[in-house]
Every structure is written in structure tokens, then in C-alpha cells.
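S.K.: Dumping the structure here so I can ask a few things about it.
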Amino acid sequence: MKIHEKILTHYLSCTSPVDKEGYLYKKKVRTSSYQRRWFVLKANLLFYQERPADRHLLGVIVLEGCAIQHCESDGGLFVFSVVFRGSGLKTYRLAAEDQLGQDCWVKSLLTASHCYLSLLVRDLGKQYEEAKCQAGLGESNRYSPAIGQSSEGRTQSMVSLNPCSSTFFMPEPVRTERGNHRTNHVLQAPPMPSKVTNKRSPKLWSKRNAHVTPINGPVSTYGEWPQVDIDPLEDFTKLHEYYGEEVKQLKSDWLKRRQEKDKHFEVDLIDLSEN
Amino acid sequence: MRFNEKELISLSRQPSECIAELGMRGPKKGDVVKRRLVKLVVNFLFYFRTDEEEPQGVLLLEQCRVEREDSQVFSIAFLDEAERKYLFECDSQEQCQEWVDSIIKASYEFMRKNLIFYRTEIHRLTGKDPLEQYGIEDETRFQVTCGPQPAHKDS
């Protein structure tokens with residue numbers, strides 16, 4: 001696969017800000033020895049060369065789909081690794097000379113991915129809209145000035161944004177989640193049925209968004225509601241939980257179908273290449 | 001120059017909403033239009049020959065200029081060389097505009113600018129720095145100063 005090196009080296013040398021640079025040790029796979037290299041982190045790219053002034057770039061590591069992990073010290077060096085998830089994919093072992101260096105680099109690398117930044121921008125976009133509302137600037141404009149993405153529930157993303165938590169989680173590319181906002185409107189208070197037994201949600205599930213409907217295959221039906229022993233008029237929270245389960249199921253079904261649809265879609269295009 | 005090729009190829013398989021067969025032409029004189037499956041994943045534009053699983057190539061979408069050339073054609077220029085453009089032929093005006101918008105918004109630098117805007121505005125409106133809750137307020141990449149910054153160096 002051709003990577004168009006010139007574009008990468010141009011990006012490295014242009015005037016956009018460098019996010020971090022410094023010496024680190026990089027472990028050679030074959031010899032298990034560490035080599036000192038000058039690393040430059042810019043956006044989601046980690047470049048390395050022998051010395052800062054070198055024109056010749058030794059290599060670049062694209063930081064998407066990877067986890068950053070602290071490792072045990074090795075020969076006085078403070079080791080951490082860049083672990084790519086997936087069978088047959090690499091783990092890079094890097095090391096700093098001291099604890100502070102290790103911590104700084106780990107933190108910078110954790111916040112380097114495009115996915116992370118994308119989540120963060122979405123989250124801040126929501127906070128901005130809320131702040132504008134509260135500041136009483138009139139009718140809130142749902143679209144950010146630059147992005148125009150619809151807003152989405154924050155709770156999930158907030159947990160994963162803090163790189164200080166030990167179980168830092170690198171999210172999947174956020175584009176696949178764009179359709180989720182469609183399910184949010186379901187969580188309004190439903191009309192209270194007099195008897196809640198074996199009844200499906202009163203919402204019209206047969207109406208589907210074009211993004212959600214699979215290309216082939218029927219729309220899946222939903223199971224009946226579990227028998228509720230309590231009077232829902234007395235305990236709305238339980239009812240809310242049951243509706244919540246349905247929404248969760250919807251969401252995971254949608255995500256599954258979306259992933260299948262993407263695979264399916266790609267295969268079709270390749271098959272049509274006969275002209 | 002070495003790069004993590006397998007990992008990039010794995011990235012090219014991630015789901016994307018911006019994927020289509022387009023007519024693609026390279027920047028050199030004598031390059032002709034070829035049908036390629038073009039796929040936008042984060043800030044990379046992958047392109048595949050239509051019968052292959054592995055991408056033929058990948059373009060980093062940073063420091064580039066994306067322009068409408070025609071009702072159905074857009075271009076991407078790199079390296080400050082305005083005349084050397086990659087051309088992409090779409091099937092409709094709508095598709096062409098979607099691609100232009102998506103590519104612009106996909107750039108890391110574009111997202112960084114938005115982040116800085118939100119950070120500044122939220123701070124102005126609420127008196128609080130929204131990055132503090134995530135413990136990332138000191139990260140160089142999120143700093144509010146404009147223009148090229150002095151590099152954050154280690155010893």
C-alpha cells in the first residue's frame with residue numbers, strides 16, 4: 001500500500017503545532033535492544049528519527065486503534081507500549097529515562113487519536129450549546145458553527161475521555177454512531193396503559209430511518225414485554241427501565257446491522273467491477 | 001520511511017459513512033482517470049482498486065486544500081502546490097458536496113480549531129475550563145494560543 005511519504009513529511013515540517021517531542025528509547029523487535037530516537041508527536045502521528053536535526057525520517061506510527069499501557073521497568077528505563085488491537089498487529093515498546101517522562105508521554109499518546117479528539121469535540125459542542133442556553137442567548141441553535149453534527153447522549157463518552165482512569169478505553173470511530181440520536185426521542189413518558197402485561201412499547205417501531213433499515217432481510221420483531229407484577233402507575237422508574245432495555249436492544253441491533261451492512265456493501269462493490 | 005502498514009490496512013477496514021466508487025486522477029501530467037473505491041476513515045483517504053481488499057494507497061488529509069472544480073468534480077491539493085491536484089469525479093452534485101464537506105471536517109487540524117473555539121467560549125460563558133474535568137487542560141495540543149507554538153521539549 002502506497003503511503004505518499006511526501007505528504008506526511010510535509011505535514012511534519014509545516015508550521016502547525018507540534019504536540020510533543022523528545023528522546024525516547026524504542027525496542028528493536030529482533031534484538032530486544034533499545035535504540036535512542038527523537039520522537040515527534042503531531043496530531044495522531046508519531047514520527048521518529050535519529051536526531052532532532054536529521055532530515056531523514058526513519059518512520060511514523062499512526063496512532064489509531066491502539067491502547068497505551070504502562071509496563072514494568074526494564075534496565076532502569078521506564079517502559080510503556082503502544083498496543084494495536086487485532087490479530088497479527090504490532091506492539092511498539094517505548095521507554096523514557098524517568099517516571100515523569102513516561103507519564104507525560106503516556107498521557108499525550110492517550111489523547112492523540114482522531115477518535116478521541118472527535119469525541120471530545122462533540123462533548124464540548126454539547127456543553128457549549130448548554131452554556132449558551134443558560135447564558136440566556138435566546139433559542140439555542142442545534143448546530144455548532146463549524147461542525148453541524150447532531151448532539152448525542154454524553155454519559156457514555158464522558159467516562160472514556162479521562163486518560164487518568166486506569167481502564168482508559170479507545171472508542172470505535174464515532175461515525176458509526178451518528179444515527180443513534182434517532183432513538184433518543186423514544187425516552188419520553190409513554191401513555192400509561194391500564195394493564196402492563198405482554199404489551200409491546202406503544203411506539204411505532206415499524207417506522208424506520210433509512211440509515212437503520214438493512215439492505216436485505218426483514219425488519220426484526222421485538223419480544224413481548226415481561227410480565228410486570230407491580231402497578232406501573234405507582235412505580236414509573238421500573239417502567240422506565242423496561243423501556244430502557246428495549247432501547248438498548250434496539251441500539252445494539254442497529255450497530256450490528258450497521259457493521260454487517262458496511263461489510264455487505266463493500267463486497268457488493270467489489271463484485272460489480274466486471275465493467 | 002517505515003510505517004505501521006498492517007495497522008493502517010486494519011484501519012481502512014473500519015466502517016465509514018464516506019465510501020464510494022469515484023473517478024480518481026493523480027496530480028501528474030499524463031495521469032488518467034481510474035475508477036477507485038474511495039473511503040474516508042478518520043483523517044485518511046484510502047483508495048482501492050475495485051477488485052482488491054487491500055488499499056492501493058492512502059492520503060493524509062492534513063495541510064491540504066479541498067475545492068469544488070466543477071459541478072461533480074472536487075480536487076485535493078497537497079504540499080502547497082496548488083497546481084498539483086488529485087481529482088475526484090462524482091456521480092452527482094450532492095455527492096460531490098458531501099465529499100468536500102466530509103473531507104474538510106475530517107482534518108485533525110480542523111477539529112483542533114473547533115475544540116479551541118469551544119474551550120474558549122465555554123470558559124467565557126461559564127468561567128470554567130471544560131477540559132479540567134478530564135484532567136487534560138495542560139496538554140499542549142489543546143492550548144488556546146494562536147499560531148505556531150514553541151515546541152514542548154523534553155530533556
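So you can find residues: chains in the C-alpha cells are A, B, ... in the order shown, residues in each start at 1, and ligands are numbered from 1 in order.
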Env of Leu94 (chain A): 8 Å cut, atoms = only C-alpha atoms, seq-sep filter 6 positions within chain, self excluded. Answer as a ChimeraX atom specification.

M.R.: /A:24-27,79-82

S.K.: I want to know what sits within 12 Å of region 67-78 of chain A, based on only C-alpha atoms, with residues of the same chain fewer than 4 positions away left out; could you give that as a ChimeraX atom specification?

M.R.: /A:24-27,32-36,63,82-86,90-113,116,163-171

S.K.: Which of these residues is nearest to chain B, using only C-alpha atoms: A:Ala53, A:Leu250, A:Leu119, A:Ile7?

M.R.: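 Checking each of A:Ala53, A:Leu250, A:Leu119, A:Ile7 against chain B, counting only C-alpha atoms, the winner is A:Ile7.
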
S.K.: Can you build me a table of chain A residues sitting at most 6 Å from chain B, with the closest atom pair per residue and its distance in Å to one decimal, using only C-alpha atoms, sorted by chain and residue number, as a Markdown table?

M.R.:
```
| residue | atom | partner | partner_atom | distance |
| --- | --- | --- | --- | --- |
| A:Met1 | CA | B:Gly57 | CA | 5.0 |
| A:Lys2 | CA | B:Gly57 | CA | 4.3 |
| A:Ile3 | CA | B:Val58 | CA | 5.3 |
| A:Thr15 | CA | B:Pro148 | CA | 5.8 |
| A:Ser16 | CA | B:Pro148 | CA | 5.9 |
| A:Pro17 | CA | B:Pro148 | CA | 5.3 |
| A:Val18 | CA | B:Ala151 | CA | 5.9 |
| A:Asp19 | CA | B:Arg141 | CA | 5.1 |
| A:Lys20 | CA | B:His152 | CA | 5.4 |
| A:Glu21 | CA | B:Lys153 | CA | 5.5 |
| A:Gly22 | CA | B:Asp154 | CA | 4.8 |
| A:Leu58 | CA | B:Met1 | CA | 5.3 |
| A:Gly59 | CA | B:Arg2 | CA | 4.3 |
| A:Val60 | CA | B:Phe3 | CA | 5.0 |
| A:Ile61 | CA | B:Asn4 | CA | 5.7 |
| A:Val121 | CA | B:Leu115 | CA | 5.4 |
| A:Tyr128 | CA | B:Ile122 | CA | 5.6 |
| A:Asn162 | CA | B:Tyr134 | CA | 4.5 |
| A:Ile270 | CA | B:Asp51 | CA | 5.0 |
| A:Ser273 | CA | B:Thr50 | CA | 5.8 |
```

S.K.: As a ChimeraX atom specification, please: every residue in region 2-136 of chain B that DSSP puts in strand (DSSP E or B).

M.R.: /B:2-3,19-25,34-41,44-48,57-60,65-68,73-77,85-89

S.K.: So that I can check the surroundings of Glu67 (chain B), please list as a PDB file with C-alpha atoms, in the first residue's frame every protein, DNA and RNA residue that reaches within 12 Å of it, counting only C-alpha atoms and ignoring chain neighbours fewer than 5 positions away.

M.R.:
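After the write, result.pdb holds the following:
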```
ATOM      1  CA  GLN B  72     -19.470  16.957  -9.975  1.00  0.00           C
ATOM      2  CA  VAL B  73     -15.716  17.132  -9.515  1.00  0.00           C
ATOM      3  CA  PHE B  74     -13.633  18.056  -6.492  1.00  0.00           C
ATOM      4  CA  SER B  75      -9.892  18.295  -6.055  1.00  0.00           C
ATOM      5  CA  ILE B  76      -7.375  17.929  -3.250  1.00  0.00           C
ATOM      6  CA  ALA B  77      -4.068  19.788  -3.436  1.00  0.00           C
ATOM      7  CA  PHE B  78      -1.123  18.997  -1.151  1.00  0.00           C
ATOM      8  CA  ALA B  82      -1.776  24.483  -5.983  1.00  0.00           C
ATOM      9  CA  LYS B  85      -4.146  18.252  -7.642  1.00  0.00           C
ATOM     10  CA  TYR B  86      -5.812  14.912  -7.166  1.00  0.00           C
ATOM     11  CA  LEU B  87      -9.147  14.981  -8.964  1.00  0.00           C
ATOM     12  CA  PHE B  88     -12.249  13.046  -7.970  1.00  0.00           C
ATOM     13  CA  CYS B  96     -19.614  15.942  -4.640  1.00  0.00           C
ATOM     14  CA  GLN B  97     -20.591  18.478  -1.988  1.00  0.00           C
ATOM     15  CA  GLU B  98     -20.900  15.773   0.677  1.00  0.00           C
ATOM     16  CA  TRP B  99     -17.373  14.611  -0.024  1.00  0.00           C
ATOM     17  CA  VAL B 100     -15.936  18.115   0.078  1.00  0.00           C
ATOM     18  CA  ASP B 101     -17.640  18.826   3.412  1.00  0.00           C
ATOM     19  CA  ILE B 103     -13.015  15.777   3.932  1.00  0.00           C
ATOM     20  CA  ILE B 104     -12.723  19.281   5.362  1.00  0.00           C
TER      21      ILE B 104
END
```

S.K.: May I ask for the distance between CA of Cys90 (chain B) and CA of Gly23 (chain B), given in Å to one decimal place?

M.R.: 6.8 Å

S.K.: Any idea what the distance is between CA of Leu45 (chain B) and CA of Phe39 (chain A)?

M.R.: 24.7 Å

S.K.: Quote the spacing between CA of Ser92 (chain B) and CA of Ser71 (chain B) in Å to one decimal place.

M.R.: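 Here the two named atoms are 7.7 Å from each other.
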